[in-house]
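To keep things clear, I will list the structure first and then write my remarks on it.
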Amino acid sequence: MKELEQSYRRRYERLLIPTATRLEGFLRDCLSAELRIDRITARAKAVDRFIEKAQRQVNGAPKYNDPLNQIQDQVGARIVTYYADDVPCVANAAETYLRHIESRILAPESEFEFGYFGKHYIMLFPVDVVPDPGPDLPPFFELQIATLFQHAWSEANHDLGYKPGHVLTSEQKRKLAFTAAQAWGADLIFNELHAQARSAGAVVQADLPITEAATEN
């Protein structure tokens, strides 16, 4: 594992950090016309997080036989939108500039559960960011698209729920589920309010005389 850590650290410092910086700039340029994006960020996966993920097991066996080539989020990007209805719009815009090899919507398995929601992609690096990936840089990165409330909840949940050596009690897990339900409800209400405000604005514009509506625009 020490050898793996050293190899990834070299990759992290030499390739992943500058690649994430270029990717963030690329996404900002491509999506500059999208009105309701709160932030666009990209980051290289930290060394300790990579090693932690590389050590995961499934049914008592290692999940990854070749972590340096199999772990797909060594570079990750996140686009945070204001409202839930903005997510598919931003996703469509992103797909105009990027080619994905995997697309999925993350949501709890049961309608009686609350947790993380978000749109996730595994994307190929565009040539504007990585002209030639080479053997030392995976050709793909993870892209997440989430709302403000999805983003805020996932960041706090990850910080509280995934600390090494810290196992949450049943009561603590219930509290996290409660906050997830609140975030889901806030997303729903803000999205509805935005849709209502947009509809009301369209009605007002439609009721104005043609010359006055042109002035308002």
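Residues are referred to by chain and number: the chain letter is A, B, ... according to the order shown in the structure tokens, the number counts from 1 in that chain, and ligands are numbered separately from 1 in the order shown.
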Extract the full set of helix (DSSP H, G or I) residues from stretch 67-208 of chain A according to DSSP on the backbone, and format it as a PyMOL selection string. chain A and resi 67-70+86-97+148-161+170-207
Please list as a count of residues only every residue within 9 Å of A:Arg11, counting only C-alpha atoms and excluding residues in the same chain fewer than 6 positions away. 3
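Among the candidates A:Leu16, A:Cys30, A:Ile71, A:Met123, the residue lying nearest to A:Arg104 is A:Met123 (atoms considered: only C-alpha atoms).
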Any idea what's packed within 12 Å of A:Ala44, counting only C-alpha atoms, ignoring anything in its chain fewer than 2 positions away? Could you give it as a PyMOL selection string? chain A and resi 8-9+11-24+41-42+46-50+72-78+137+141-142
Please, could you write that set of residues out with N, CA and C atoms as a compact mmCIF listing (two decimals), in the first residue's frame?
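Contents of selection04.txt, as written:
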```txt
# COMPACT_ATOMS: atom_id res chain seq x y z
N TYR A 8 0.48 7.35 -6.34
CA TYR A 8 -0.65 8.27 -6.49
C TYR A 8 -0.25 9.69 -6.10
N ARG A 9 0.58 9.83 -5.09
CA ARG A 9 1.01 11.16 -4.67
C ARG A 9 1.74 11.87 -5.81
N ARG A 11 1.34 11.28 -9.01
CA ARG A 11 0.32 11.61 -10.00
C ARG A 11 -0.49 12.81 -9.55
N TYR A 12 -0.87 12.83 -8.29
CA TYR A 12 -1.67 13.90 -7.72
C TYR A 12 -0.99 15.25 -7.90
N GLU A 13 0.28 15.31 -7.55
CA GLU A 13 1.00 16.59 -7.59
C GLU A 13 1.35 17.01 -9.01
N ARG A 14 1.76 16.07 -9.84
CA ARG A 14 2.24 16.41 -11.18
C ARG A 14 1.12 16.58 -12.20
N LEU A 15 0.06 15.77 -12.08
CA LEU A 15 -0.94 15.73 -13.15
C LEU A 15 -2.34 16.10 -12.70
N LEU A 16 -2.80 15.54 -11.59
CA LEU A 16 -4.21 15.69 -11.24
C LEU A 16 -4.57 17.11 -10.83
N ILE A 17 -3.72 17.76 -10.04
CA ILE A 17 -4.04 19.12 -9.61
C ILE A 17 -4.11 20.08 -10.80
N PRO A 18 -3.11 20.12 -11.69
CA PRO A 18 -3.23 21.05 -12.83
C PRO A 18 -4.36 20.67 -13.79
N THR A 19 -4.64 19.38 -13.91
CA THR A 19 -5.75 18.96 -14.77
C THR A 19 -7.08 19.45 -14.22
N ALA A 20 -7.27 19.34 -12.90
CA ALA A 20 -8.50 19.82 -12.28
C ALA A 20 -8.66 21.33 -12.47
N THR A 21 -7.59 22.06 -12.39
CA THR A 21 -7.65 23.51 -12.59
C THR A 21 -8.09 23.83 -14.02
N ARG A 22 -7.52 23.14 -15.00
CA ARG A 22 -7.91 23.37 -16.40
C ARG A 22 -9.36 22.96 -16.64
N LEU A 23 -9.78 21.86 -16.02
CA LEU A 23 -11.15 21.38 -16.20
C LEU A 23 -12.15 22.39 -15.64
N GLU A 24 -11.87 22.94 -14.49
CA GLU A 24 -12.77 23.94 -13.91
C GLU A 24 -12.92 25.15 -14.83
N THR A 41 -16.89 23.81 -9.55
CA THR A 41 -15.60 23.51 -8.94
C THR A 41 -15.07 22.19 -9.51
N ALA A 42 -13.77 22.04 -9.48
CA ALA A 42 -13.12 20.78 -9.83
C ALA A 42 -11.96 20.58 -8.88
N ALA A 46 -7.91 13.85 -2.93
CA ALA A 46 -6.81 13.90 -1.97
C ALA A 46 -6.18 12.52 -1.80
N VAL A 47 -4.92 12.51 -1.45
CA VAL A 47 -4.18 11.24 -1.35
C VAL A 47 -4.81 10.32 -0.31
N ASP A 48 -5.15 10.85 0.86
CA ASP A 48 -5.72 9.99 1.91
C ASP A 48 -7.08 9.43 1.50
N ARG A 49 -7.89 10.24 0.77
CA ARG A 49 -9.19 9.76 0.31
C ARG A 49 -9.02 8.68 -0.76
N PHE A 50 -8.02 8.84 -1.60
CA PHE A 50 -7.76 7.83 -2.63
C PHE A 50 -7.36 6.50 -1.99
N GLN A 72 -12.49 6.07 -10.64
CA GLN A 72 -12.90 6.99 -11.70
C GLN A 72 -12.98 8.45 -11.28
N ASP A 73 -12.92 8.72 -9.98
CA ASP A 73 -13.07 10.11 -9.54
C ASP A 73 -11.76 10.69 -9.02
N GLN A 74 -10.64 10.31 -9.64
CA GLN A 74 -9.36 10.91 -9.25
C GLN A 74 -9.38 12.41 -9.53
N VAL A 75 -10.13 12.79 -10.56
CA VAL A 75 -10.50 14.19 -10.77
C VAL A 75 -12.02 14.24 -10.75
N GLY A 76 -12.56 15.14 -9.96
CA GLY A 76 -14.01 15.28 -9.87
C GLY A 76 -14.42 16.73 -10.04
N ALA A 77 -15.55 16.94 -10.67
CA ALA A 77 -16.10 18.29 -10.84
C ALA A 77 -17.53 18.29 -10.33
N ARG A 78 -17.95 19.43 -9.83
CA ARG A 78 -19.34 19.57 -9.37
C ARG A 78 -19.90 20.89 -9.85
N LEU A 137 -2.37 9.18 -16.58
CA LEU A 137 -3.58 9.94 -16.25
C LEU A 137 -4.80 9.22 -16.81
N PHE A 141 -13.21 11.48 -15.80
CA PHE A 141 -13.39 12.16 -14.52
C PHE A 141 -14.85 12.06 -14.14
N GLU A 142 -15.15 12.34 -12.87
CA GLU A 142 -16.53 12.31 -12.41
C GLU A 142 -17.11 13.72 -12.41
```
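Between A:Phe190 and the residues A:Leu35, A:Leu98, A:Ala84, A:Leu176, the shortest atom-to-atom distance, using only C-alpha atoms, involves A:Ala84.
Between A:Ile79 and the residues A:Leu143, A:Leu193, A:Ala177, A:Val129, the shortest atom-to-atom distance, using only C-alpha atoms, involves A:Leu143.
When DSSP is run on the backbone, the residues of stretch 85-147 of chain A that fall into strand (DSSP E or B) are His100, Ile101, Glu102, Ser103, Arg104, Ile105, Leu106, Gly118, Lys119, His120, Tyr121, Ile122, Met123, Leu124, Phe140, Phe141, Glu142, Leu143, Gln144, Ile145, Ala146 and Thr147 of chain A.
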Write the selection just made, keeping N, CA and C atoms, as a PDB file, in the first residue's frame?
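Output (selection35.pdb):
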```pdb
ATOM      1  N   HIS A 100     -19.987  11.325 -22.243  1.00  0.00           N
ATOM      2  CA  HIS A 100     -20.014  10.502 -21.039  1.00  0.00           C
ATOM      3  C   HIS A 100     -19.959   9.017 -21.372  1.00  0.00           C
ATOM      4  N   ILE A 101     -19.393   8.263 -20.433  1.00  0.00           N
ATOM      5  CA  ILE A 101     -19.380   6.807 -20.567  1.00  0.00           C
ATOM      6  C   ILE A 101     -20.287   6.169 -19.514  1.00  0.00           C
ATOM      7  N   GLU A 102     -20.789   6.996 -18.601  1.00  0.00           N
ATOM      8  CA  GLU A 102     -21.730   6.512 -17.592  1.00  0.00           C
ATOM      9  C   GLU A 102     -22.562   7.679 -17.113  1.00  0.00           C
ATOM     10  N   SER A 103     -23.853   7.438 -16.939  1.00  0.00           N
ATOM     11  CA  SER A 103     -24.765   8.478 -16.457  1.00  0.00           C
ATOM     12  C   SER A 103     -25.773   7.836 -15.513  1.00  0.00           C
ATOM     13  N   ARG A 104     -25.964   8.446 -14.369  1.00  0.00           N
ATOM     14  CA  ARG A 104     -26.931   7.896 -13.422  1.00  0.00           C
ATOM     15  C   ARG A 104     -27.435   8.984 -12.495  1.00  0.00           C
ATOM     16  N   ILE A 105     -28.630   8.780 -11.978  1.00  0.00           N
ATOM     17  CA  ILE A 105     -29.209   9.663 -10.976  1.00  0.00           C
ATOM     18  C   ILE A 105     -29.135   8.955  -9.640  1.00  0.00           C
ATOM     19  N   LEU A 106     -28.448   9.553  -8.680  1.00  0.00           N
ATOM     20  CA  LEU A 106     -28.324   8.958  -7.354  1.00  0.00           C
ATOM     21  C   LEU A 106     -29.496   9.395  -6.494  1.00  0.00           C
ATOM     22  N   GLY A 118     -28.652  13.399  -6.626  1.00  0.00           N
ATOM     23  CA  GLY A 118     -27.791  14.135  -7.541  1.00  0.00           C
ATOM     24  C   GLY A 118     -27.640  13.417  -8.867  1.00  0.00           C
ATOM     25  N   LYS A 119     -27.240  14.154  -9.863  1.00  0.00           N
ATOM     26  CA  LYS A 119     -26.970  13.623 -11.192  1.00  0.00           C
ATOM     27  C   LYS A 119     -25.464  13.423 -11.318  1.00  0.00           C
ATOM     28  N   HIS A 120     -25.045  12.197 -11.641  1.00  0.00           N
ATOM     29  CA  HIS A 120     -23.621  11.885 -11.731  1.00  0.00           C
ATOM     30  C   HIS A 120     -23.272  11.342 -13.113  1.00  0.00           C
ATOM     31  N   TYR A 121     -22.112  11.754 -13.589  1.00  0.00           N
ATOM     32  CA  TYR A 121     -21.578  11.252 -14.851  1.00  0.00           C
ATOM     33  C   TYR A 121     -20.149  10.773 -14.638  1.00  0.00           C
ATOM     34  N   ILE A 122     -19.734   9.823 -15.452  1.00  0.00           N
ATOM     35  CA  ILE A 122     -18.318   9.589 -15.697  1.00  0.00           C
ATOM     36  C   ILE A 122     -18.077  10.102 -17.113  1.00  0.00           C
ATOM     37  N   MET A 123     -17.269  11.136 -17.217  1.00  0.00           N
ATOM     38  CA  MET A 123     -17.023  11.823 -18.479  1.00  0.00           C
ATOM     39  C   MET A 123     -15.595  11.580 -18.958  1.00  0.00           C
ATOM     40  N   LEU A 124     -15.434  11.600 -20.269  1.00  0.00           N
ATOM     41  CA  LEU A 124     -14.094  11.587 -20.838  1.00  0.00           C
ATOM     42  C   LEU A 124     -13.544  13.007 -20.835  1.00  0.00           C
ATOM     43  N   PHE A 140     -10.752   9.677 -17.831  1.00  0.00           N
ATOM     44  CA  PHE A 140     -12.102  10.061 -17.410  1.00  0.00           C
ATOM     45  C   PHE A 140     -12.087  10.812 -16.086  1.00  0.00           C
ATOM     46  N   PHE A 141     -13.209  11.475 -15.801  1.00  0.00           N
ATOM     47  CA  PHE A 141     -13.393  12.156 -14.522  1.00  0.00           C
ATOM     48  C   PHE A 141     -14.854  12.056 -14.138  1.00  0.00           C
ATOM     49  N   GLU A 142     -15.154  12.343 -12.874  1.00  0.00           N
ATOM     50  CA  GLU A 142     -16.534  12.313 -12.405  1.00  0.00           C
ATOM     51  C   GLU A 142     -17.107  13.725 -12.405  1.00  0.00           C
ATOM     52  N   LEU A 143     -18.320  13.853 -12.919  1.00  0.00           N
ATOM     53  CA  LEU A 143     -19.034  15.126 -12.900  1.00  0.00           C
ATOM     54  C   LEU A 143     -20.326  14.942 -12.115  1.00  0.00           C
ATOM     55  N   GLN A 144     -20.536  15.791 -11.134  1.00  0.00           N
ATOM     56  CA  GLN A 144     -21.760  15.789 -10.345  1.00  0.00           C
ATOM     57  C   GLN A 144     -22.518  17.086 -10.600  1.00  0.00           C
ATOM     58  N   ILE A 145     -23.827  16.968 -10.733  1.00  0.00           N
ATOM     59  CA  ILE A 145     -24.691  18.140 -10.861  1.00  0.00           C
ATOM     60  C   ILE A 145     -25.730  18.044  -9.759  1.00  0.00           C
ATOM     61  N   ALA A 146     -25.775  19.038  -8.893  1.00  0.00           N
ATOM     62  CA  ALA A 146     -26.666  18.988  -7.736  1.00  0.00           C
ATOM     63  C   ALA A 146     -27.184  20.382  -7.431  1.00  0.00           C
ATOM     64  N   THR A 147     -28.259  20.425  -6.664  1.00  0.00           N
ATOM     65  CA  THR A 147     -28.801  21.716  -6.232  1.00  0.00           C
ATOM     66  C   THR A 147     -28.033  22.218  -5.013  1.00  0.00           C
TER      67      THR A 147
END
```
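Separating atom CA of A:Trp184 from atom CA of A:Ala91 is a distance of 19.7 Å.
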Residue contacts of A:Thr179 (12 Å, only C-alpha atoms) excluding same-chain residues fewer than 3 positions away, as a list in words: Glu113, Phe114, Gly115, Tyr116, Phe149, Gln150, Ala152, Trp153, Ser154, Ala156, Asn157, Gln172, Lys173, Arg174, Lys175, Leu176, Gln182, Ala183, Trp184, Gly185 and Ala186 of chain A
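The space between atom CA of A:Pro67 and atom CA of A:Ile51 spans 8.8 Å.
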